[in-house]
>>> print(open('model_5.tsv').read())   # TSV, C-alpha atoms and all ligand atoms
chain	number	residue	atom	x	y	z
A	1	MET	CA	115.73	-24.77	117.26
A	2	VAL	CA	118.29	-25.01	120.04
A	3	PRO	CA	120.17	-21.70	120.34
A	4	PRO	CA	123.98	-21.80	120.32
A	5	PRO	CA	125.63	-21.70	123.75
A	6	ILE	CA	126.10	-18.20	125.14
A	7	GLU	CA	129.69	-17.08	124.62
A	8	ALA	CA	130.61	-14.90	127.60
A	9	ASP	CA	132.98	-14.91	130.53
A	10	LEU	CA	131.32	-13.57	133.66
A	11	HIS	CA	134.15	-14.26	136.11
A	12	GLY	CA	134.41	-11.27	138.45
A	13	ARG	CA	130.82	-10.18	137.72
A	14	THR	CA	128.06	-10.12	140.32
A	15	CYS	CA	124.56	-11.05	139.15
A	16	VAL	CA	121.42	-10.73	141.28
A	17	VAL	CA	118.50	-12.94	140.23
A	18	THR	CA	115.15	-12.60	142.00
A	19	GLY	CA	112.97	-15.69	142.31
A	20	ALA	CA	115.96	-17.99	141.79
A	21	SER	CA	114.44	-20.83	143.84
A	22	ALA	CA	112.30	-22.15	140.97
A	23	GLY	CA	111.43	-22.05	137.30
A	24	ILE	CA	112.97	-19.49	134.97
A	25	GLY	CA	114.86	-17.70	137.77
A	26	ARG	CA	116.53	-20.86	138.95
A	27	ALA	CA	117.52	-21.82	135.39
A	28	THR	CA	118.85	-18.29	134.81
A	29	ALA	CA	120.94	-18.45	137.99
A	30	SER	CA	122.34	-21.76	136.82
A	31	GLU	CA	123.32	-20.44	133.37
A	32	LEU	CA	124.96	-17.31	134.82
A	33	ALA	CA	126.87	-19.50	137.29
A	34	ARG	CA	128.00	-21.73	134.40
A	35	LEU	CA	129.38	-18.61	132.71
A	36	GLY	CA	131.47	-17.89	135.81
A	37	ALA	CA	129.44	-15.20	137.59
A	38	ARG	CA	128.99	-14.77	141.30
A	39	VAL	CA	125.23	-15.21	141.57
A	40	VAL	CA	123.12	-13.80	144.37
A	41	MET	CA	119.92	-15.83	144.52
A	42	ALA	CA	117.29	-13.47	145.93
A	43	VAL	CA	114.61	-15.73	147.38
A	44	ARG	CA	111.98	-15.96	150.10
A	45	ASN	CA	111.99	-19.65	151.06
A	46	PRO	CA	115.20	-20.76	152.85
A	47	GLY	CA	114.70	-24.52	152.45
A	48	LYS	CA	113.81	-24.33	148.77
A	49	ALA	CA	116.62	-21.86	148.12
A	50	GLU	CA	119.26	-24.07	149.71
A	51	LYS	CA	118.07	-27.05	147.68
A	52	ALA	CA	118.28	-24.97	144.49
A	53	ARG	CA	121.71	-23.60	145.43
A	54	ARG	CA	123.11	-27.09	146.00
A	55	ALA	CA	121.66	-28.40	142.73
A	56	ILE	CA	123.11	-25.47	140.75
A	57	ALA	CA	126.50	-25.83	142.47
A	58	LYS	CA	126.55	-29.53	141.58
A	59	ALA	CA	125.49	-28.95	137.96
A	60	THR	CA	127.88	-26.06	137.26
A	61	GLY	CA	130.76	-26.63	139.69
A	62	SER	CA	130.28	-23.05	140.91
A	63	ASP	CA	131.37	-22.12	144.43
A	64	ALA	CA	130.16	-18.54	143.94
A	65	LEU	CA	126.46	-18.90	144.68
A	66	GLU	CA	124.95	-16.84	147.48
A	67	VAL	CA	121.46	-16.96	148.90
A	68	ALA	CA	119.87	-13.68	150.05
A	69	PHE	CA	116.43	-13.53	151.59
A	70	VAL	CA	113.77	-11.16	150.41
A	71	ASP	CA	110.00	-11.18	150.28
A	72	LEU	CA	109.32	-9.08	147.22
A	73	ALA	CA	105.75	-8.44	148.29
A	74	ARG	CA	106.98	-6.59	151.41
A	75	GLN	CA	108.66	-3.24	151.00
A	76	ASP	CA	110.43	-3.42	154.40
A	77	SER	CA	111.88	-6.80	153.38
A	78	ILE	CA	113.16	-5.35	150.07
A	79	ARG	CA	114.76	-2.43	151.92
A	80	ALA	CA	116.50	-4.79	154.38
A	81	PHE	CA	117.69	-6.98	151.48
A	82	ALA	CA	119.09	-3.95	149.61
A	83	ARG	CA	120.93	-2.68	152.72
A	84	GLU	CA	122.50	-6.09	153.31
A	85	LEU	CA	123.43	-6.47	149.64
A	86	ALA	CA	125.09	-3.03	149.59
A	87	THR	CA	127.45	-4.07	152.40
A	88	ARG	CA	128.46	-7.27	150.59
A	89	HIS	CA	128.44	-6.06	146.97
A	90	PRO	CA	129.28	-2.42	146.24
A	91	GLN	CA	128.93	-3.23	142.54
A	92	VAL	CA	126.18	-5.20	140.82
A	93	ASP	CA	126.79	-6.04	137.15
A	94	VAL	CA	123.48	-7.73	136.38
A	95	LEU	CA	120.03	-7.47	137.92
A	96	VAL	CA	117.42	-9.94	136.73
A	97	ASN	CA	113.95	-8.97	137.96
A	98	ASN	CA	112.15	-12.26	137.55
A	99	ALA	CA	110.13	-13.24	140.64
A	100	GLY	CA	106.45	-13.22	139.86
A	101	ILE	CA	103.11	-14.69	140.79
A	102	TRP	CA	99.72	-15.52	139.30
A	103	THR	CA	97.20	-16.21	142.01
A	104	GLY	CA	93.78	-17.82	141.98
A	105	ARG	CA	92.16	-15.45	144.46
A	106	ARG	CA	92.51	-11.77	145.30
A	107	GLN	CA	94.98	-11.20	148.13
A	108	THR	CA	96.72	-8.17	149.56
A	109	SER	CA	100.37	-7.83	150.54
A	110	PRO	CA	101.46	-7.05	154.12
A	111	ASP	CA	101.61	-3.41	152.92
A	112	GLY	CA	97.91	-3.63	151.96
A	113	ILE	CA	98.49	-3.63	148.18
A	114	GLU	CA	96.90	-6.07	145.72
A	115	LEU	CA	99.40	-8.93	145.82
A	116	THR	CA	100.04	-9.46	142.08
A	117	TRP	CA	100.75	-5.75	141.61
A	118	ALA	CA	102.87	-5.60	144.77
A	119	THR	CA	105.03	-8.56	143.72
A	120	ASN	CA	105.24	-8.38	139.93
A	121	VAL	CA	105.46	-4.60	139.56
A	122	LEU	CA	106.41	-2.86	142.81
A	123	GLY	CA	108.88	-5.67	143.60
A	124	TYR	CA	110.77	-4.93	140.33
A	125	VAL	CA	110.51	-1.16	140.86
A	126	LEU	CA	111.79	-1.02	144.43
A	127	VAL	CA	114.62	-3.54	143.97
A	128	THR	CA	115.86	-1.62	140.92
A	129	HIS	CA	115.53	1.74	142.66
A	130	LEU	CA	117.47	0.62	145.74
A	131	LEU	CA	120.21	-1.18	143.77
A	132	ARG	CA	120.72	1.80	141.49
A	133	PRO	CA	123.96	2.99	143.21
A	134	GLN	CA	125.56	-0.47	142.86
A	135	LEU	CA	124.39	-0.80	139.25
A	136	GLU	CA	125.84	2.59	138.36
A	137	ALA	CA	129.04	1.77	140.24
A	138	ALA	CA	129.56	-1.24	137.95
A	139	GLY	CA	129.70	1.13	134.97
A	140	HIS	CA	128.26	-1.28	132.41
A	141	ALA	CA	125.46	-3.01	134.34
A	142	ARG	CA	122.52	-4.73	132.69
A	143	ILE	CA	118.96	-4.93	134.00
A	144	VAL	CA	116.78	-7.66	132.55
A	145	ASN	CA	113.07	-7.49	133.36
A	146	VAL	CA	111.21	-10.71	132.80
A	147	ALA	CA	107.91	-9.63	131.26
A	148	SER	CA	105.56	-11.52	128.96
A	149	ARG	CA	103.69	-11.44	125.68
A	150	TYR	CA	100.63	-12.18	127.78
A	151	ALA	CA	100.19	-8.51	128.64
A	152	GLY	CA	97.54	-5.81	128.48
A	153	GLY	CA	94.56	-4.30	130.22
A	154	LEU	CA	96.50	-1.85	132.38
A	155	ASP	CA	94.22	0.79	133.89
A	156	LEU	CA	96.31	3.49	135.50
A	157	THR	CA	93.32	4.69	137.49
A	158	ASP	CA	92.64	1.24	139.00
A	159	VAL	CA	95.82	-0.86	139.19
A	160	GLU	CA	94.55	-2.68	142.29
A	161	PHE	CA	91.16	-3.61	140.81
A	162	GLU	CA	89.19	-1.61	143.34
A	163	ARG	CA	86.58	-0.62	140.74
A	164	ARG	CA	87.00	-3.42	138.22
A	165	PRO	CA	86.14	-7.05	138.95
A	166	TRP	CA	89.37	-8.89	139.88
A	167	SER	CA	90.55	-12.02	138.11
A	168	GLY	CA	93.93	-13.70	138.47
A	169	GLY	CA	94.52	-13.53	134.72
A	170	ASP	CA	93.60	-9.84	134.39
A	171	ALA	CA	95.66	-8.90	137.45
A	172	TYR	CA	98.68	-10.79	136.07
A	173	ARG	CA	98.30	-9.50	132.49
A	174	GLN	CA	98.35	-5.84	133.50
A	175	THR	CA	101.50	-6.37	135.59
A	176	LYS	CA	103.30	-7.73	132.55
A	177	GLN	CA	102.30	-4.66	130.52
A	178	ALA	CA	103.58	-2.49	133.36
A	179	ASN	CA	106.90	-4.40	133.46
A	180	ARG	CA	107.53	-3.41	129.84
A	181	MET	CA	106.42	0.22	130.15
A	182	LEU	CA	108.54	0.71	133.26
A	183	THR	CA	111.54	-0.76	131.43
A	184	TRP	CA	111.23	1.93	128.75
A	185	ALA	CA	111.02	4.62	131.45
A	186	LEU	CA	114.01	3.09	133.23
A	187	ALA	CA	116.09	2.94	130.05
A	188	ARG	CA	115.49	6.68	129.54
A	189	ARG	CA	116.70	7.40	133.07
A	190	PHE	CA	119.85	5.32	132.65
A	191	ALA	CA	120.69	6.70	129.19
A	192	GLY	CA	124.33	7.79	129.10
A	193	THR	CA	125.28	6.02	132.34
A	194	GLY	CA	126.35	2.72	130.77
A	195	VAL	CA	123.53	0.88	132.50
A	196	THR	CA	121.08	-0.85	130.15
A	197	ALA	CA	117.53	-2.02	130.79
A	198	ASN	CA	115.65	-4.48	128.61
A	199	ALA	CA	112.42	-6.46	128.88
A	200	MET	CA	111.81	-9.93	127.52
A	201	HIS	CA	109.29	-12.74	127.05
A	202	PRO	CA	110.57	-16.22	127.97
A	203	GLY	CA	107.98	-18.17	125.96
A	204	PHE	CA	105.39	-20.48	127.49
A	205	VAL	CA	107.41	-22.32	130.11
A	206	SER	CA	106.47	-25.24	132.32
A	207	THR	CA	106.99	-23.87	135.83
A	208	GLU	CA	105.29	-23.72	139.19
A	209	ILE	CA	103.50	-20.47	138.34
A	210	PHE	CA	100.58	-22.31	136.71
A	211	GLY	CA	100.10	-24.73	139.57
A	212	LYS	CA	99.95	-21.88	142.09
A	213	GLY	CA	96.95	-20.11	140.61
A	214	GLY	CA	96.74	-20.13	136.88
A	215	GLY	CA	93.97	-17.55	137.02
A	216	GLY	CA	91.50	-20.19	138.11
A	217	LEU	CA	92.54	-22.51	135.26
A	218	GLY	CA	94.77	-24.29	137.81
A	219	LEU	CA	95.06	-27.97	137.04
A	220	SER	CA	94.16	-27.88	133.34
A	221	LEU	CA	96.66	-25.08	132.64
A	222	SER	CA	99.41	-26.79	134.63
A	223	LEU	CA	98.77	-30.06	132.77
A	224	TYR	CA	98.75	-28.21	129.43
A	225	ALA	CA	102.00	-26.50	130.45
A	226	LYS	CA	103.62	-29.85	131.20
A	227	VAL	CA	102.76	-31.17	127.74
A	228	ARG	CA	103.17	-28.11	125.51
A	229	ALA	CA	105.51	-25.72	127.26
A	230	ARG	CA	109.25	-25.19	127.18
A	231	ARG	CA	111.54	-26.36	129.92
A	232	PRO	CA	112.78	-23.65	132.32
A	233	ALA	CA	116.29	-23.74	130.80
A	234	GLU	CA	114.83	-22.83	127.40
A	235	GLY	CA	112.77	-20.04	128.95
A	236	ALA	CA	115.88	-18.75	130.71
A	237	ASP	CA	118.01	-18.67	127.54
A	238	THR	CA	117.08	-15.16	126.41
A	239	VAL	CA	117.28	-13.87	130.01
A	240	ALA	CA	120.86	-15.12	130.40
A	241	TRP	CA	121.76	-14.00	126.86
A	242	LEU	CA	120.58	-10.44	127.60
A	243	ALA	CA	122.45	-10.52	130.89
A	244	ALA	CA	125.70	-11.84	129.49
A	245	SER	CA	126.19	-11.80	125.74
A	246	PRO	CA	128.55	-9.28	124.10
A	247	GLU	CA	126.04	-9.28	121.19
A	248	VAL	CA	123.70	-6.98	123.15
A	249	GLU	CA	126.36	-4.73	124.69
A	250	GLY	CA	124.94	-1.20	125.03
A	251	GLN	CA	121.44	-2.07	123.74
A	252	SER	CA	118.72	-0.70	125.96
A	253	GLY	CA	114.99	-0.02	126.12
A	254	LEU	CA	114.10	-2.96	123.86
A	255	PHE	CA	111.73	-5.94	123.99
A	256	TRP	CA	113.22	-9.37	123.26
A	257	VAL	CA	111.84	-12.81	122.42
A	258	ASP	CA	114.09	-15.79	121.58
A	259	ARG	CA	117.20	-13.58	121.32
A	260	GLY	CA	115.48	-11.34	118.78
A	261	GLU	CA	114.21	-7.79	119.17
A	262	HIS	CA	110.44	-7.45	118.88
A	263	ARG	CA	108.19	-4.45	118.52
A	264	CYS	CA	106.36	-3.61	121.74
A	265	ARG	CA	102.82	-2.26	121.40
A	266	PHE	CA	103.02	-0.60	124.82
A	267	ARG	CA	105.04	2.46	123.92
A	268	ASP	CA	103.58	5.72	125.12
A	269	GLU	CA	106.00	8.02	126.88
A	270	ALA	CA	103.35	10.03	128.71
A	271	ALA	CA	101.65	6.88	130.05
A	272	GLU	CA	105.02	5.31	130.94
A	273	GLU	CA	105.94	8.41	132.96
A	274	GLU	CA	102.55	8.45	134.69
A	275	LEU	CA	102.99	4.78	135.59
A	276	TRP	CA	106.52	5.48	136.82
A	277	ARG	CA	105.29	8.25	139.13
A	278	LEU	CA	102.43	6.09	140.42
A	279	CYS	CA	104.73	3.17	141.23
A	280	HIS	CA	107.30	5.36	142.93
A	281	ARG	CA	104.56	6.94	145.04
A	282	MET	CA	103.43	3.43	145.99
A	283	VAL	CA	106.93	2.48	147.16
A	284	GLY	CA	107.50	5.82	148.83
A	285	SER	CA	110.53	6.85	146.78
A	286	SER	CA	111.39	9.92	144.75
A	287	THR	CA	110.39	9.89	141.09
A	288	SER	CA	113.67	11.14	139.67
A	301	LIG	N1	106.12	-19.65	132.92
A	301	LIG	C1	105.76	-18.93	131.85
A	301	LIG	O1	105.22	-19.46	130.83
A	301	LIG	C2	106.01	-17.47	131.82
A	301	LIG	C3	105.70	-16.76	130.64
A	301	LIG	C4	105.94	-15.39	130.59
A	301	LIG	C5	106.52	-14.75	131.67
A	301	LIG	N2	106.81	-15.47	132.81
A	301	LIG	C6	107.40	-14.74	133.93
A	301	LIG	O2	108.55	-15.43	134.38
A	301	LIG	C7	108.83	-15.06	135.73
A	301	LIG	C8	109.18	-16.31	136.55
A	301	LIG	O3	108.04	-17.13	136.59
A	301	LIG	P1	108.12	-18.73	136.55
A	301	LIG	O4	107.24	-19.14	135.42
A	301	LIG	O5	109.53	-19.21	136.59
A	301	LIG	O6	107.32	-19.08	137.91
A	301	LIG	P2	107.70	-19.92	139.23
A	301	LIG	O7	108.27	-21.25	138.85
A	301	LIG	O8	106.47	-19.90	140.04
A	301	LIG	O9	108.85	-19.06	139.91
A	301	LIG	C9	108.53	-17.82	140.48
A	301	LIG	C10	109.64	-17.42	141.42
A	301	LIG	O10	109.28	-16.18	142.04
A	301	LIG	C11	109.40	-16.32	143.43
A	301	LIG	N3	108.52	-15.42	144.17
A	301	LIG	C12	107.18	-15.26	144.04
A	301	LIG	N4	106.73	-14.37	144.94
A	301	LIG	C13	107.80	-13.96	145.65
A	301	LIG	C14	107.98	-13.05	146.72
A	301	LIG	N5	106.96	-12.39	147.29
A	301	LIG	N6	109.23	-12.87	147.20
A	301	LIG	C15	110.28	-13.54	146.68
A	301	LIG	N7	110.17	-14.41	145.68
A	301	LIG	C16	108.94	-14.63	145.17
A	301	LIG	C17	109.06	-17.78	143.69
A	301	LIG	O11	109.48	-18.12	144.99
A	301	LIG	P3	108.96	-19.47	145.74
A	301	LIG	O12	109.74	-20.57	145.12
A	301	LIG	O13	109.28	-19.21	147.16
A	301	LIG	O14	107.48	-19.55	145.44
A	301	LIG	C18	109.84	-18.43	142.56
A	301	LIG	O15	111.20	-18.50	142.87
A	301	LIG	C19	107.59	-14.30	136.23
A	301	LIG	O16	107.87	-12.93	136.23
A	301	LIG	C20	106.53	-14.63	135.18
A	301	LIG	O17	105.58	-13.61	135.06
A	301	LIG	C21	106.57	-16.80	132.90
>>> encode(input="model_5.tsv", output="C-alpha cells")
Amino acid sequence: MVPPPIEADLHGRTCVVTGASAGIGRATASELARLGARVVMAVRNPGKAEKARRAIAKATGSDALEVAFVDLARQDSIRAFARELATRHPQVDVLVNNAGIWTGRRQTSPDGIELTWATNVLGYVLVTHLLRPQLEAAGHARIVNVASRYAGGLDLTDVEFERRPWSGGDAYRQTKQANRMLTWALARRFAGTGVTANAMHPGFVSTEIFGKGGGGLGLSLSLYAKVRARRPAEGADTVAWLAASPEVEGQSGLFWVDRGEHRCRFRDEAAEEELWRLCHRMVGSSTS
C-alpha cells in the first residue's frame, strides 16, 4: 500500500543525511528537500554526489542542497566534516545516519578497524557525538538511525571478528543490531533535551549495497533485489516520515517499520551501555 504523502513544512530546517549519493540516503535527501528543508548531503564521492545533487534539485526544485565531504570509515575525516559543518550550521534539526556497507571480503579502515564496524557503527556514533551541540541547539532535533531487521549475532568481546570467522553477512548483521542498541542508549542520554533518537528498518530495498558485496551472494542477491525489492523512495519513506512528520513529535527510543512502531528484541540496558562505552573508546571520545 502506498503511504499518504508526508505532511510537513521543513522550510528553515537543516537536515544532514549521510550516504546521500545513492540508494535510501539519496531518496531521503530528495524527500526532505521536497518538504522544503536545507539538506546537507554528507558523502565521500564528489562526482557521484554532484550528480545526485543535480538530480534532486531538478526533481524537487530545491536550491537548498549542499554537498559536504566525509569518509565515514575515517575518524579524522569525520572530525574535519563536523568542524566544517559547525561553522556553516550552528543548528542541525535532523540527522539521518544512513551510510552503510556490506562487503564481500574482510577489510580494515585507515584507522585499522574492521571496515563494516568502522563504517556502519562507529561512523554513526562519531557523527552523532560531534554534532551533539548543533542538535541540542536546535531544541527539537531528530536523529534517525537507519538500521535493519536483518540484525543479530553481536559479540561484545569480538566486534571485529578477531576470534570468530569473518563473513560479510555476519559482520553486517551485528552492526545493524548495534545500530538499534546504540539508539536506545542515545535516547536515554537525550531524554529531556527535546532531541529524539529513533531506529528504523527500510524494508528490502533495491540499492547498490547488494552489488558491492552482498556477503558473497553478490550477483544472485543483487538480481533478486532488482526483482523483489522496494524502490529506494519506498525504503526512504519511513526515514523521511520519522525526520519530518508531526505525528512522531517527541517520540524517542523506538524501532519503526513502515511508519509503525515495532518491538525490538535487542533491549538490554546493561549490554547497551557496555556497547556504548566500547564504541566511544574506539572513537576516542568521552562516554558521557
Ligand atoms: N537496501 C536494503 O535492503 C537495506 C535494508 C535494511 C537496511 N539498509 C540500510 O540502509 C542504509 C543505506 O543503504 P543502501 O541500501 O541505500 O545502500 P547503498 O545504495 O550502497 O548506499 C550506501 C551509501 O552509503 C555511502 N557510504 C558507504 N561507505 C561510506 C563511507 N565510508 N563514507 C561515506 N559514505 C559512505 C555510499 O557512498 P558511495 O555512493 O560513495 O558508495 C552510499 O551513498 C545502510 O545503513 C543499510 O544497512 C538497507
>>> residues_near_ligand(input="model_5.tsv", ligand="ligand LIG 301 (chain A)", cutoff="6 Å", atoms="all atoms listed in the file", output="PDB file with C-alpha atoms, keeping the file's coordinate frame")
ATOM      1  CA  GLY A  19     112.970 -15.690 142.310  1.00  0.00           C
ATOM      2  CA  ALA A  20     115.960 -17.990 141.790  1.00  0.00           C
ATOM      3  CA  SER A  21     114.440 -20.830 143.840  1.00  0.00           C
ATOM      4  CA  ALA A  22     112.300 -22.150 140.970  1.00  0.00           C
ATOM      5  CA  GLY A  23     111.430 -22.050 137.300  1.00  0.00           C
ATOM      6  CA  ILE A  24     112.970 -19.490 134.970  1.00  0.00           C
ATOM      7  CA  GLY A  25     114.860 -17.700 137.770  1.00  0.00           C
ATOM      8  CA  VAL A  43     114.610 -15.730 147.380  1.00  0.00           C
ATOM      9  CA  ARG A  44     111.980 -15.960 150.100  1.00  0.00           C
ATOM     10  CA  ASN A  45     111.990 -19.650 151.060  1.00  0.00           C
ATOM     11  CA  VAL A  70     113.770 -11.160 150.410  1.00  0.00           C
ATOM     12  CA  ASP A  71     110.000 -11.180 150.280  1.00  0.00           C
ATOM     13  CA  LEU A  72     109.320  -9.080 147.220  1.00  0.00           C
ATOM     14  CA  ALA A  73     105.750  -8.440 148.290  1.00  0.00           C
ATOM     15  CA  ASN A  98     112.150 -12.260 137.550  1.00  0.00           C
ATOM     16  CA  ALA A  99     110.130 -13.240 140.640  1.00  0.00           C
ATOM     17  CA  GLY A 100     106.450 -13.220 139.860  1.00  0.00           C
ATOM     18  CA  ILE A 101     103.110 -14.690 140.790  1.00  0.00           C
ATOM     19  CA  THR A 119     105.030  -8.560 143.720  1.00  0.00           C
ATOM     20  CA  VAL A 146     111.210 -10.710 132.800  1.00  0.00           C
ATOM     21  CA  ALA A 147     107.910  -9.630 131.260  1.00  0.00           C
ATOM     22  CA  SER A 148     105.560 -11.520 128.960  1.00  0.00           C
ATOM     23  CA  HIS A 201     109.290 -12.740 127.050  1.00  0.00           C
ATOM     24  CA  PRO A 202     110.570 -16.220 127.970  1.00  0.00           C
ATOM     25  CA  GLY A 203     107.980 -18.170 125.960  1.00  0.00           C
ATOM     26  CA  PHE A 204     105.390 -20.480 127.490  1.00  0.00           C
ATOM     27  CA  VAL A 205     107.410 -22.320 130.110  1.00  0.00           C
ATOM     28  CA  SER A 206     106.470 -25.240 132.320  1.00  0.00           C
ATOM     29  CA  THR A 207     106.990 -23.870 135.830  1.00  0.00           C
ATOM     30  CA  GLU A 208     105.290 -23.720 139.190  1.00  0.00           C
ATOM     31  CA  ILE A 209     103.500 -20.470 138.340  1.00  0.00           C
TER      32      ILE A 209
END
>>> axis_aligned_box(input="model_5.tsv", around="stretch 139-153 of chain A", padding_each_side="6 Å", output="lines of an AutoDock Vina configuration file")
center_x = 112.1
center_y = -5.5
center_z = 130.3
size_x = 47.1
size_y = 25.3
size_z = 21.3
>>> atom_distance(input="model_5.tsv", atom1="atom CA of A:Pro46", atom2="atom CA of A:Ala59")
19.9 Å
>>> atom_distance(input="model_5.tsv", atom1="atom CA of A:Thr28", atom2="atom CA of A:Asp237")
7.3 Å
>>> atom_distance(input="model_5.tsv", atom1="atom CA of A:Glu249", atom2="atom CA of A:Gln91")
18.1 Å
>>> residues_around(input="model_5.tsv", residues="A:Gly112", least_positions_apart="3", cutoff="12 Å", atoms="all atoms listed in the file", output="short mmCIF file (atom, residue, chain, number, x, y, z; two decimals) with C-alpha atoms, keeping the file's coordinate frame")
data_model
loop_
_atom_site.label_atom_id
_atom_site.label_comp_id
_atom_site.auth_asym_id
_atom_site.auth_seq_id
_atom_site.Cartn_x
_atom_site.Cartn_y
_atom_site.Cartn_z
CA ALA A 73 105.75 -8.44 148.29
CA ARG A 74 106.98 -6.59 151.41
CA GLN A 75 108.66 -3.24 151.00
CA ARG A 106 92.51 -11.77 145.30
CA GLN A 107 94.98 -11.20 148.13
CA THR A 108 96.72 -8.17 149.56
CA SER A 109 100.37 -7.83 150.54
CA LEU A 115 99.40 -8.93 145.82
CA THR A 116 100.04 -9.46 142.08
CA TRP A 117 100.75 -5.75 141.61
CA ALA A 118 102.87 -5.60 144.77
CA THR A 119 105.03 -8.56 143.72
CA GLU A 160 94.55 -2.68 142.29
CA MET A 282 103.43 3.43 145.99
CA VAL A 283 106.93 2.48 147.16
#
>>> residues_around(input="model_5.tsv", residues="A:Thr193", least_positions_apart="4", cutoff="9 Å", atoms="only C-alpha atoms", output="JSON, numbers by chain")
{"A": [136, 139, 140, 189]}
>>> write_last_selection(input="model_5.tsv", atoms="C-alpha atoms", output="short mmCIF file (atom, residue, chain, number, x, y, z; two decimals), in the frame of the given file")
data_model
loop_
_atom_site.label_atom_id
_atom_site.label_comp_id
_atom_site.auth_asym_id
_atom_site.auth_seq_id
_atom_site.Cartn_x
_atom_site.Cartn_y
_atom_site.Cartn_z
CA GLU A 136 125.84 2.59 138.36
CA GLY A 139 129.70 1.13 134.97
CA HIS A 140 128.26 -1.28 132.41
CA ARG A 189 116.70 7.40 133.07
#
>>> closest_residue(input="model_5.tsv", among="A:Val67, A:His262, A:Ala271, A:Ala141", to="A:Thr128", atoms="only C-alpha atoms")
A:Ala141
>>> closest_residue(input="model_5.tsv", among="A:Asp268, A:Asp258, A:Asp9, A:Glu273", to="A:Leu186", atoms="all atoms listed in the file")
A:Glu273
>>> residues_near_point(input="model_5.tsv", point="(119.5, -7.8, 150.4)", cutoff="12 Å", atoms="all atoms listed in the file", output="PyMOL selection string")
chain A and resi 16-18+40-44+66-72+75-90+92+126-128+130-131
>>> write_last_selection(input="model_5.tsv", atoms="C-alpha atoms", output="compact mmCIF listing (two decimals), in the coordinates of the input")
# COMPACT_ATOMS: atom_id res chain seq x y z
CA VAL A 16 121.42 -10.73 141.28
CA VAL A 17 118.50 -12.94 140.23
CA THR A 18 115.15 -12.60 142.00
CA VAL A 40 123.12 -13.80 144.37
CA MET A 41 119.92 -15.83 144.52
CA ALA A 42 117.29 -13.47 145.93
CA VAL A 43 114.61 -15.73 147.38
CA ARG A 44 111.98 -15.96 150.10
CA GLU A 66 124.95 -16.84 147.48
CA VAL A 67 121.46 -16.96 148.90
CA ALA A 68 119.87 -13.68 150.05
CA PHE A 69 116.43 -13.53 151.59
CA VAL A 70 113.77 -11.16 150.41
CA ASP A 71 110.00 -11.18 150.28
CA LEU A 72 109.32 -9.08 147.22
CA GLN A 75 108.66 -3.24 151.00
CA ASP A 76 110.43 -3.42 154.40
CA SER A 77 111.88 -6.80 153.38
CA ILE A 78 113.16 -5.35 150.07
CA ARG A 79 114.76 -2.43 151.92
CA ALA A 80 116.50 -4.79 154.38
CA PHE A 81 117.69 -6.98 151.48
CA ALA A 82 119.09 -3.95 149.61
CA ARG A 83 120.93 -2.68 152.72
CA GLU A 84 122.50 -6.09 153.31
CA LEU A 85 123.43 -6.47 149.64
CA ALA A 86 125.09 -3.03 149.59
CA THR A 87 127.45 -4.07 152.40
CA ARG A 88 128.46 -7.27 150.59
CA HIS A 89 128.44 -6.06 146.97
CA PRO A 90 129.28 -2.42 146.24
CA VAL A 92 126.18 -5.20 140.82
CA LEU A 126 111.79 -1.02 144.43
CA VAL A 127 114.62 -3.54 143.97
CA THR A 128 115.86 -1.62 140.92
CA LEU A 130 117.47 0.62 145.74
CA LEU A 131 120.21 -1.18 143.77
>>> closest_residue(input="model_5.tsv", among="A:Arg188, A:Arg105, A:His11, A:Arg228", to="A:Trp276", atoms="only C-alpha atoms")
A:Arg188
>>> residues_near_point(input="model_5.tsv", point="(122.8, -22.6, 130.4)", cutoff="8 Å", atoms="all atoms listed in the file", output="list in words")
Pro5, Ile6, Ala27, Thr28, Ser30, Glu31, Leu32, Arg34, Ala233, Ala236, Asp237 and Ala240 of chain A
